[in-house]
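Note: the block below is upload.cif and it holds mmCIF, C-alpha atoms and all ligand atoms.
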data_start
#
loop_
_atom_site.label_atom_id
_atom_site.label_comp_id
_atom_site.auth_asym_id
_atom_site.auth_seq_id
_atom_site.Cartn_x
_atom_site.Cartn_y
_atom_site.Cartn_z
CA MET A 1 104.31 45.91 142.08
CA CYS A 2 105.60 47.55 145.17
CA PHE A 3 106.56 50.67 143.18
CA SER A 4 103.14 50.98 141.58
CA HIS A 5 101.48 50.83 144.99
CA PHE A 6 103.75 53.53 146.22
CA SER A 7 102.93 55.64 143.18
CA MET A 8 99.19 55.25 143.77
CA LEU A 9 99.64 56.30 147.37
CA LEU A 10 101.59 59.34 146.28
CA HIS A 11 98.85 60.41 143.88
CA LEU A 12 96.23 59.98 146.57
CA LEU A 13 98.26 62.14 148.92
CA LEU A 14 98.68 64.80 146.26
CA LEU A 15 94.97 64.76 145.56
CA ILE A 16 94.17 65.31 149.23
CA CYS A 17 96.73 68.08 149.50
CA GLY A 18 95.34 69.61 146.32
CA LEU A 19 91.78 69.59 147.61
CA LEU A 20 92.87 71.15 150.89
CA SER A 21 94.84 73.91 149.23
CA ASN A 22 92.03 74.56 146.73
CA ARG A 23 89.50 74.91 149.51
CA SER A 24 91.60 77.29 151.54
CA ASN A 25 92.76 79.01 148.34
CA ARG A 26 95.94 79.93 150.16
CA ALA A 27 98.15 79.03 147.25
CA LEU A 28 96.53 81.25 144.58
CA VAL A 29 99.02 83.80 143.38
CA ASN A 30 98.47 86.59 140.95
CA GLY A 31 100.89 85.72 138.18
CA GLY A 32 100.49 89.12 136.55
CA SER A 33 99.11 89.99 133.18
CA SER A 34 100.15 89.77 129.61
CA THR A 35 99.16 92.44 127.12
CA VAL A 36 99.56 91.58 123.48
CA VAL A 37 98.59 92.96 120.11
CA LEU A 38 96.20 90.90 117.99
CA GLY A 39 98.12 88.29 115.97
CA ASP A 40 101.25 88.49 118.11
CA THR A 41 102.59 85.88 120.54
CA ALA A 42 101.66 86.01 124.21
CA THR A 43 103.82 84.60 126.95
CA LEU A 44 101.94 83.16 129.91
CA PRO A 45 104.41 82.84 132.78
CA CYS A 46 104.15 80.15 135.45
CA LYS A 47 106.96 79.69 137.95
CA LYS A 48 107.38 78.45 141.47
CA PRO A 49 110.88 79.31 142.47
CA ASP A 50 112.67 78.54 145.74
CA THR A 51 111.37 75.09 146.41
CA SER A 52 113.11 71.85 147.03
CA GLU A 53 109.90 69.87 146.67
CA ALA A 54 109.36 67.40 143.85
CA LEU A 55 107.22 68.42 140.89
CA THR A 56 104.43 66.09 139.89
CA GLN A 57 102.82 68.09 137.13
CA ILE A 58 101.84 71.53 135.94
CA SER A 59 98.42 71.92 134.40
CA TRP A 60 96.85 74.88 132.61
CA GLN A 61 93.25 76.04 132.81
CA ARG A 62 91.59 78.91 130.98
CA ARG A 63 88.46 81.03 131.08
CA THR A 64 88.29 82.99 127.82
CA ARG A 65 85.77 84.43 125.39
CA ALA A 66 85.96 81.16 123.45
CA LYS A 67 85.82 78.99 126.60
CA PRO A 68 83.78 80.90 129.18
CA LEU A 69 83.75 77.95 131.61
CA ASP A 70 86.92 76.68 133.31
CA ASP A 71 88.64 74.59 130.69
CA ASN A 72 91.63 72.34 131.33
CA PHE A 73 93.61 72.34 128.15
CA TYR A 74 97.28 71.57 128.79
CA VAL A 75 99.25 69.35 131.15
CA ILE A 76 103.01 69.25 131.63
CA ASP A 77 103.80 65.99 133.34
CA ALA A 78 107.07 65.84 135.29
CA THR A 79 108.06 62.59 133.65
CA THR A 80 106.22 62.44 130.28
CA GLY A 81 106.30 66.13 129.33
CA PRO A 82 103.58 68.37 127.84
CA ARG A 83 100.35 67.21 126.22
CA PHE A 84 96.99 68.71 125.31
CA VAL A 85 93.83 67.64 127.05
CA ASN A 86 90.32 68.08 125.63
CA GLY A 87 91.62 68.64 122.11
CA GLY A 88 94.72 70.43 120.92
CA ASP A 89 95.63 73.87 119.70
CA ASN A 90 99.08 73.96 118.12
CA ARG A 91 99.41 77.69 118.78
CA PHE A 92 100.46 76.78 122.34
CA THR A 93 104.11 75.92 122.97
CA PHE A 94 105.80 74.92 126.20
CA VAL A 95 108.74 77.27 126.71
CA GLY A 96 109.42 76.57 130.43
CA ASN A 97 111.61 74.00 132.06
CA ILE A 98 110.46 71.06 134.11
CA GLY A 99 113.68 70.94 136.13
CA ASP A 100 113.22 74.58 137.19
CA ILE A 101 109.51 74.06 137.94
CA ASP A 102 108.73 76.53 135.19
CA GLY A 103 105.51 75.83 133.28
CA THR A 104 105.58 78.95 131.09
CA ILE A 105 103.77 78.59 127.76
CA GLN A 106 103.42 80.77 124.69
CA LEU A 107 100.36 81.35 122.56
CA SER A 108 100.96 82.53 119.00
CA ASN A 109 98.55 84.22 116.56
CA VAL A 110 96.46 85.57 119.41
CA THR A 111 92.82 86.36 118.63
CA LEU A 112 90.13 88.24 120.54
CA MET A 113 88.62 84.88 121.52
CA ASP A 114 91.79 84.05 123.50
CA GLU A 115 91.32 86.97 125.87
CA GLY A 116 90.64 85.98 129.47
CA THR A 117 92.26 84.38 132.48
CA TYR A 118 94.82 81.58 132.35
CA THR A 119 95.61 79.63 135.49
CA CYS A 120 98.53 77.32 135.92
CA ILE A 121 98.42 74.76 138.71
CA ILE A 122 101.77 73.52 139.91
CA THR A 123 101.44 70.27 141.79
CA LEU A 124 104.31 69.62 144.20
CA PHE A 125 104.91 66.87 146.69
CA PRO A 126 104.08 67.17 149.49
CA SER A 127 102.66 70.71 149.53
CA GLY A 128 100.12 70.10 146.73
CA ASN A 129 98.63 72.60 144.30
CA HIS A 130 99.95 76.10 143.77
CA ARG A 131 97.89 78.27 141.45
CA ARG A 132 99.03 81.22 139.42
CA GLU A 133 96.59 83.37 137.53
CA VAL A 134 97.62 85.34 134.45
CA SER A 135 95.19 87.58 132.65
CA LEU A 136 95.63 87.96 128.94
CA ARG A 137 94.60 91.32 127.57
CA LEU A 138 94.38 92.02 123.88
CA LEU A 139 95.10 95.20 121.99
CA VAL A 140 93.67 95.68 118.53
CA PRO A 141 95.06 98.51 116.42
CA PRO A 142 92.31 100.38 114.56
CA SER A 143 92.05 100.51 110.79
CA THR A 144 92.14 104.19 110.02
CA SER A 145 90.68 106.18 107.17
CA LEU A 146 89.84 109.73 106.21
CA GLU A 147 86.99 110.42 103.87
CA ASP A 148 86.51 113.95 102.69
CA ASN A 149 83.41 115.50 101.26
CA PRO A 150 84.16 118.23 98.75
CA VAL A 151 81.83 121.09 99.54
CA ILE A 152 80.37 123.93 97.53
CA LEU A 153 80.87 127.56 98.52
CA GLY A 154 78.08 128.76 100.78
CA ASP A 155 77.01 130.38 104.05
CA GLU A 156 75.64 127.37 105.92
CA GLU A 157 77.84 125.09 107.99
CA VAL A 158 78.38 121.78 106.19
CA PHE A 159 80.01 118.41 106.78
CA ILE A 160 83.59 118.45 105.48
CA ALA A 161 85.22 115.15 106.45
CA ASN A 162 85.00 111.96 108.50
CA CYS A 163 87.99 110.46 110.22
CA THR A 164 87.47 106.83 111.27
CA ALA A 165 89.35 104.52 113.61
CA ALA A 166 87.56 101.19 113.18
CA GLY A 167 87.71 98.06 115.34
CA SER A 168 90.06 99.39 118.01
CA LYS A 169 90.61 97.89 121.44
CA PRO A 170 90.66 99.84 123.65
CA PRO A 171 88.79 102.60 121.76
CA ALA A 172 90.97 105.02 119.79
CA GLU A 173 91.17 108.74 120.46
CA ILE A 174 90.76 111.13 117.56
CA ARG A 175 91.71 114.78 117.52
CA TRP A 176 92.11 117.32 114.72
CA ASN A 177 95.00 119.64 114.06
CA THR A 178 93.26 122.55 112.41
CA SER A 179 95.96 125.12 113.19
CA SER A 180 94.81 128.53 112.00
CA LEU A 181 91.31 127.33 111.13
CA ASP A 182 90.30 126.21 114.61
CA GLN A 183 88.02 129.21 115.11
CA ILE A 184 86.11 128.34 111.95
CA LEU A 185 85.91 124.57 112.12
CA ARG A 186 83.95 122.39 114.52
CA THR A 187 84.36 118.68 115.28
CA THR A 188 82.18 115.97 116.80
CA SER A 189 83.02 112.42 117.76
CA ILE A 190 81.02 109.25 118.30
CA SER A 191 82.08 105.78 119.35
CA THR A 192 80.29 102.49 118.72
CA GLN A 193 81.08 99.41 120.78
CA HIS A 194 81.16 96.06 118.94
CA GLU A 195 80.29 92.68 120.41
CA ASN A 196 83.84 91.38 120.00
CA GLY A 197 85.15 94.04 122.38
CA THR A 198 86.43 96.50 119.80
CA ALA A 199 85.02 99.94 119.12
CA THR A 200 84.77 102.19 116.10
CA THR A 201 85.23 105.92 116.59
CA VAL A 202 84.20 108.42 113.95
CA SER A 203 85.10 112.07 114.24
CA SER A 204 83.48 114.54 111.86
CA LEU A 205 84.67 117.95 110.77
CA PHE A 206 82.23 120.75 110.04
CA GLY A 207 82.64 124.31 108.83
CA LYS A 208 81.27 127.12 106.74
CA PRO A 209 82.42 126.52 103.16
CA SER A 210 84.11 129.84 102.49
CA ARG A 211 86.95 130.58 100.11
CA ASP A 212 89.11 131.22 103.22
CA ILE A 213 89.15 127.56 104.13
CA ASN A 214 89.64 126.32 100.57
CA GLY A 215 93.03 124.63 100.33
CA GLY A 216 93.40 124.73 104.11
CA LEU A 217 95.51 121.91 105.53
CA VAL A 218 94.21 119.99 108.52
CA GLN A 219 95.21 116.70 110.10
CA CYS A 220 93.25 113.99 111.78
CA VAL A 221 95.39 112.48 114.53
CA ILE A 222 94.57 109.00 115.84
CA THR A 223 96.04 107.56 118.99
CA ALA A 224 95.35 104.04 120.25
CA GLU A 225 97.10 101.70 122.67
CA GLY A 226 97.31 99.11 119.88
CA LEU A 227 99.24 101.51 117.62
CA THR A 228 102.96 101.88 118.20
CA GLU A 229 102.76 105.58 117.33
CA GLU A 230 100.03 108.09 116.66
CA LYS A 231 98.76 108.24 113.12
CA ALA A 232 98.24 111.54 111.32
CA LEU A 233 96.06 111.63 108.23
CA PRO A 234 96.38 114.87 106.25
CA LEU A 235 93.50 116.59 104.51
CA LYS A 236 93.42 119.52 102.15
CA ILE A 237 89.99 121.08 102.42
CA GLN A 238 88.27 121.46 99.06
CA VAL A 239 85.64 124.15 98.65
CA HIS A 240 84.29 124.04 95.13
CA PHE A 241 83.14 127.15 93.33
CA PRO A 242 82.46 128.18 89.74
CA PRO A 243 84.92 130.44 87.92
CA VAL A 244 85.11 133.88 89.46
CA GLU A 245 86.17 136.94 87.45
CA VAL A 246 87.81 135.90 84.21
CA GLN A 247 90.84 137.96 83.30
CA ILE A 248 92.63 138.51 80.01
CA ILE A 249 96.17 139.74 80.25
CA GLU A 250 98.36 140.73 77.33
CA SER A 251 101.22 138.40 78.20
CA SER A 252 103.51 139.48 75.38
CA LYS A 253 103.43 141.62 72.27
CA ASP A 254 101.58 138.94 70.33
CA SER A 255 99.73 136.88 72.90
CA PHE A 256 96.94 137.01 75.44
CA GLU A 257 96.54 134.91 78.55
CA CYS A 258 93.08 134.10 79.89
CA LYS A 259 92.79 133.17 83.57
CA SER A 260 90.17 132.51 86.16
CA GLU A 261 90.08 131.35 89.73
CA ALA A 262 87.87 128.31 90.20
CA ASN A 263 87.79 125.02 92.06
CA PRO A 264 88.18 122.59 90.43
CA ASN A 265 90.44 124.52 88.06
CA ALA A 266 88.57 126.12 85.19
CA ASN A 267 88.84 124.68 81.75
CA ILE A 268 89.77 127.63 79.50
CA THR A 269 88.76 127.79 75.85
CA TRP A 270 89.26 130.46 73.26
CA SER A 271 86.88 130.90 70.35
CA ARG A 272 85.74 133.46 67.81
CA SER A 273 82.09 134.25 67.54
CA ASN A 274 80.63 133.04 64.27
CA GLN A 275 84.00 132.75 62.63
CA PHE A 276 86.70 130.20 61.99
CA PHE A 277 89.87 130.51 63.90
CA PRO A 278 92.52 132.08 61.66
CA SER A 279 95.45 129.81 60.88
CA SER A 280 97.91 132.38 62.13
CA ALA A 281 96.40 132.22 65.62
CA ARG A 282 97.40 129.43 67.95
CA VAL A 283 95.76 128.40 71.19
CA GLN A 284 97.59 126.59 73.96
CA GLY A 285 95.60 126.17 77.17
CA GLY A 286 94.67 129.68 78.28
CA ARG A 287 97.10 131.31 75.85
CA LEU A 288 96.11 132.86 72.56
CA GLN A 289 99.05 133.66 70.33
CA PHE A 290 99.24 135.42 66.98
CA LEU A 291 101.98 133.89 64.88
CA SER A 292 101.98 136.56 62.24
CA MET A 293 100.21 139.89 62.11
CA SER A 294 97.64 139.65 59.36
CA SER A 295 94.47 141.66 59.07
CA ASP A 296 92.24 138.55 59.19
CA LEU A 297 93.11 138.32 62.87
CA THR A 298 91.00 141.39 63.51
CA GLY A 299 87.84 140.57 65.34
CA LEU A 300 86.17 139.46 68.48
CA TYR A 301 87.71 136.69 70.62
CA LEU A 302 85.90 134.95 73.38
CA CYS A 303 87.48 133.30 76.38
CA GLU A 304 85.34 130.92 78.36
CA ALA A 305 86.30 129.58 81.78
CA SER A 306 84.20 126.68 82.99
CA ASN A 307 84.05 123.91 85.51
CA ARG A 308 81.20 121.67 86.55
CA TYR A 309 79.71 124.41 88.76
CA GLY A 310 79.42 127.06 86.10
CA ARG A 311 81.09 129.12 83.45
CA LYS A 312 82.04 132.69 82.77
CA GLU A 313 83.02 134.41 79.54
CA ILE A 314 84.95 137.47 78.54
CA PHE A 315 85.46 139.08 75.13
CA VAL A 316 88.42 140.86 73.70
CA TYR A 317 88.30 142.83 70.49
CA VAL A 318 91.58 142.76 68.60
CA HIS A 319 92.42 145.07 65.75
CA VAL A 320 95.47 144.23 63.69
CA ASN A 321 96.96 146.80 61.38
CA SER A 322 98.95 144.57 59.04
CA GLU A 323 101.09 147.39 57.64
CA SER A 324 102.50 148.54 60.91
CA SER A 325 102.23 145.09 62.55
CA LYS A 326 100.57 146.72 65.50
CA THR A 327 97.67 145.45 67.54
CA ALA A 328 95.11 147.48 69.34
CA TRP A 329 92.74 145.72 71.61
CA VAL A 330 89.82 146.41 73.80
CA LEU A 331 88.44 144.24 76.54
CA PHE A 332 84.81 145.07 76.66
CA ALA A 333 82.54 142.77 78.47
CA VAL A 334 82.10 139.95 80.90
CA LEU A 335 78.71 138.69 80.12
CA LEU A 336 77.74 135.26 81.15
CA VAL A 337 77.50 133.56 84.46
CA LEU A 338 76.10 130.08 84.42
CA VAL A 339 75.98 128.10 87.56
CA ILE A 340 75.26 124.42 87.20
CA GLY A 341 73.87 122.11 89.81
CA ALA A 342 75.07 123.96 92.89
CA GLY A 343 73.06 122.78 95.88
CA GLY A 344 71.30 125.94 96.87
CA ALA A 345 74.36 127.84 97.98
CA TRP A 346 74.63 129.70 94.72
CA LYS A 347 71.80 131.50 93.04
CA LEU A 348 71.10 129.63 89.89
CA HIS A 349 71.24 131.42 86.57
CA ARG A 350 70.17 128.56 84.45
CA SER A 351 68.31 128.06 81.17
CA GLY A 352 71.11 129.37 78.99
CA LYS A 353 69.99 132.97 79.40
CA CYS A 354 72.70 135.51 79.69
CA GLN A 355 72.43 137.36 82.93
CA ARG A 356 74.05 140.51 83.96
CA SER A 357 74.99 141.16 87.50
CA PRO A 358 76.90 144.22 88.66
CA GLU A 359 80.20 142.35 88.85
CA ASP A 360 79.74 141.17 85.27
CA LEU A 361 79.40 144.61 83.76
CA PRO A 362 82.31 145.83 81.72
CA VAL A 363 84.95 146.62 84.25
CA GLU A 364 87.98 147.27 82.25
CA VAL A 365 87.98 149.05 78.93
CA PRO A 366 91.58 149.66 78.09
CA LEU A 367 92.34 150.72 74.60
CA LYS A 368 95.91 150.14 73.77
CA GLU A 369 97.92 151.30 70.84
CA LYS A 370 101.29 149.90 70.12
C1 LIG B 1 100.21 81.90 112.61
O1 LIG B 1 99.99 82.82 111.54
C2 LIG B 1 100.93 82.70 110.50
C3 LIG B 1 100.71 83.84 109.54
O2 LIG B 1 99.36 84.04 109.27
C4 LIG B 1 100.77 81.33 109.85
O3 LIG B 1 101.69 81.18 108.80
C5 LIG B 1 100.99 80.26 110.90
O4 LIG B 1 100.74 78.99 110.33
C6 LIG B 1 100.10 80.45 112.10
N1 LIG B 1 100.53 79.55 113.13
C7 LIG B 1 99.69 78.75 113.77
C8 LIG B 1 100.31 77.86 114.76
O5 LIG B 1 98.47 78.77 113.56
C1 LIG B 2 85.05 93.05 115.59
O1 LIG B 2 83.75 93.32 115.12
C2 LIG B 2 83.66 94.34 114.14
C3 LIG B 2 82.19 94.61 113.86
O2 LIG B 2 81.50 93.44 113.64
C4 LIG B 2 84.43 93.89 112.89
O3 LIG B 2 84.35 94.88 111.89
C5 LIG B 2 85.87 93.64 113.27
O4 LIG B 2 86.57 93.14 112.16
C6 LIG B 2 85.97 92.64 114.42
N1 LIG B 2 87.35 92.59 114.85
C7 LIG B 2 88.04 91.47 114.98
C8 LIG B 2 89.46 91.60 115.38
O5 LIG B 2 87.53 90.37 114.82
#
So that I can check it, write out the structure of this file as structure tokens.
Amino acid sequence: MCFSHFSMLLHLLLLICGLLSNRSNRALVNGGSSTVVLGDTATLPCKKPDTSEALTQISWQRRTRAKPLDDNFYVIDATTGPRFVNGGDNRFTFVGNIGDIDGTIQLSNVTLMDEGTYTCIITLFPSGNHRREVSLRLLVPPSTSLEDNPVILGDEEVFIANCTAAGSKPPAEIRWNTSSLDQILRTTSISTQHENGTATTVSSLFGKPSRDINGGLVQCVITAEGLTEEKALPLKIQVHFPPVEVQIIESSKDSFECKSEANPNANITWSRSNQFFPSSARVQGGRLQFLSMSSDLTGLYLCEASNRYGRKEIFVYVHVNSESSKTAWVLFAVLLVLVIGAGGAWKLHRSGKCQRSPEDLPVEVPLKEK
């Protein structure tokens, strides 16, 4: 009975002391800050060293995105230990030590809603309440991506790629490593702030789609406080164009190779106009090979290079003298340019009509005897 009265008196005293210290605010100490990456564990320190006073309790209060008004959520009683008040959240763990007057707690699986200010109130006898404020700051690493837009050869500046750092806190920085192409390429950047405190930054790359930049290597480099190291996303610029100048080379005594520069790579086909392919001729990719020299090989061969932007053809006339096993050949015309579906950059030669342009006129008329 006597003990319980004493205890009540003690509590009353503490309450008065607490009110006094709260009003004067003299015992509020900045306990520092804790910066943690989303999903990690935050440590919220609370210590009152160098005191010989008796601890009554340590209580925790928070003001966060989830609880914008002062919310008492945790009490560490000197005799009964820690307990939740106003509902529990098992992500909190007491990691301090009552004997050392250390009320440090940890919060695991941190979310954006946990960001805010945490205050621990150490109640001592007789000095009363001592407050420590810890601000919890969250870092969110961005999700990064690079989306390229294959472009078609042309003279007008076009959009080449987007580099995105989404949902970053604080906002991510994006720069481009364009090395030798930096005079030709241009970049822009925009950032959008989200309600949850993160931001999405998109940086776009523009340039004139010339053959010079085709195959050029650039890098989008993302830096953010939430990332342990900067992130570099590589990009090989793709400028698409239809086959340019088809070439036939005599690759060996009995075979021809047909080649063309194009992006995507040209599909090469060999055919004979209005005739079956002789059985002694074999085609492998761009290679036309004569297995034996027979006179039925004599005739006109057509090589066609095509991709989805157009096609180009070249003819070779082969004469085989079966007695001497010698071939004579003449390369006599590049006739057809067909450009399909190119968005304005290329002049269209559609409708299946064969069109001649100066570069398509017979360029090379070698006549070889062997
Ligand atoms: C924290 O997250 C991990 C992994 O998602 C999960 O297994 C664990 O149960 C979570 N802990 C709490 C206390 O919510
Ligand atoms: C924040 O909001 C954005 C946009 O609504 C969303 O895409 C993102 O996932 C959110 N981030 C977190 C960590 O909740």
Go through chain A and flag each residue having an atom no more than 6 Å from ligand LIG 1 (chain B); for those, report the closest pair of atoms plus their distance in Å to one decimal, using all atoms listed in the file, ordered by chain and rising number, as CSV.
residue,atom,partner,partner_atom,distance
A:Asn90,CA,B:LIG1,C8,5.3
A:Arg91,CA,B:LIG1,C8,4.1
A:Asn109,CA,B:LIG1,C1,4.9
Q: Select, from A:Arg83, A:Tyr118, A:Pro142, A:Leu44, the residue with the minimum atom-to-atom distance to ligand LIG 2 (chain B), counting only C-alpha atoms and all ligand atoms.
A: A:Pro142
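Selecting all polymer residues at most 10 Å from ligand LIG 2 (chain B), using only C-alpha atoms and all ligand atoms, gives Leu38, Gly39, Thr111, Leu112, Met113, Leu138, Leu139, Val140, Pro141, Pro142, Ser143, Ala166, Gly167, Ser168, Lys169, Thr192, Gln193, His194, Glu195, Asn196, Gly197, Thr198, Ala199 and Thr200 of chain A.
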Please write the residues from the selection above to a file, keeping C-alpha atoms, as a CSV table (one decimal), keeping the file's coordinate frame.
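Result file is again_22.csv:
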chain,number,residue,atom,x,y,z
A,38,LEU,CA,96.2,90.9,118.0
A,39,GLY,CA,98.1,88.3,116.0
A,111,THR,CA,92.8,86.4,118.6
A,112,LEU,CA,90.1,88.2,120.5
A,113,MET,CA,88.6,84.9,121.5
A,138,LEU,CA,94.4,92.0,123.9
A,139,LEU,CA,95.1,95.2,122.0
A,140,VAL,CA,93.7,95.7,118.5
A,141,PRO,CA,95.1,98.5,116.4
A,142,PRO,CA,92.3,100.4,114.6
A,143,SER,CA,92.0,100.5,110.8
A,166,ALA,CA,87.6,101.2,113.2
A,167,GLY,CA,87.7,98.1,115.3
A,168,SER,CA,90.1,99.4,118.0
A,169,LYS,CA,90.6,97.9,121.4
A,192,THR,CA,80.3,102.5,118.7
A,193,GLN,CA,81.1,99.4,120.8
A,194,HIS,CA,81.2,96.1,118.9
A,195,GLU,CA,80.3,92.7,120.4
A,196,ASN,CA,83.8,91.4,120.0
A,197,GLY,CA,85.2,94.0,122.4
A,198,THR,CA,86.4,96.5,119.8
A,199,ALA,CA,85.0,99.9,119.1
A,200,THR,CA,84.8,102.2,116.1
Q) Taking only C-alpha atoms into account, which of A:Ser271, A:Ser292, A:Asn214, A:Ser180 comes nearest A:Val239? A) A:Asn214
Q: Would you please work out which residue, of A:Ile268, A:Ala232, A:Ala262, A:Cys46, is nearest to A:Glu304 when using only C-alpha atoms?
A: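 Checking each candidate against A:Glu304, we get A:Ile268 as the closest.
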Q | Distance of atom CA of A:Glu245 from atom CA of A:Ser260, expressed in Å to one decimal place | A |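 Answer for the atom CA of A:Ser260 to atom CA of A:Glu245 separation: 6.1 Å.
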**Q.** Counting only C-alpha atoms, the residue of A:Arg62, A:Asn129, A:Lys48, A:Ser252 that sits nearest A:Gly103
**A.**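 Nearest to A:Gly103: A:Lys48.
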(Q) Could you check the closest approach to A:Lys236 for each of A:Gly216, A:Gly128, A:Gly99, A:Gly310 and tell me which residue wins, using all atoms listed in the file? (A)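 Of the candidates, the smallest distance to A:Lys236 is held by A:Gly216.
With only C-alpha atoms as the atoms that count, the residue of A:Val244, A:Ala66, A:Ile190, A:Leu205 with the shortest distance to A:Ala305 is A:Val244.
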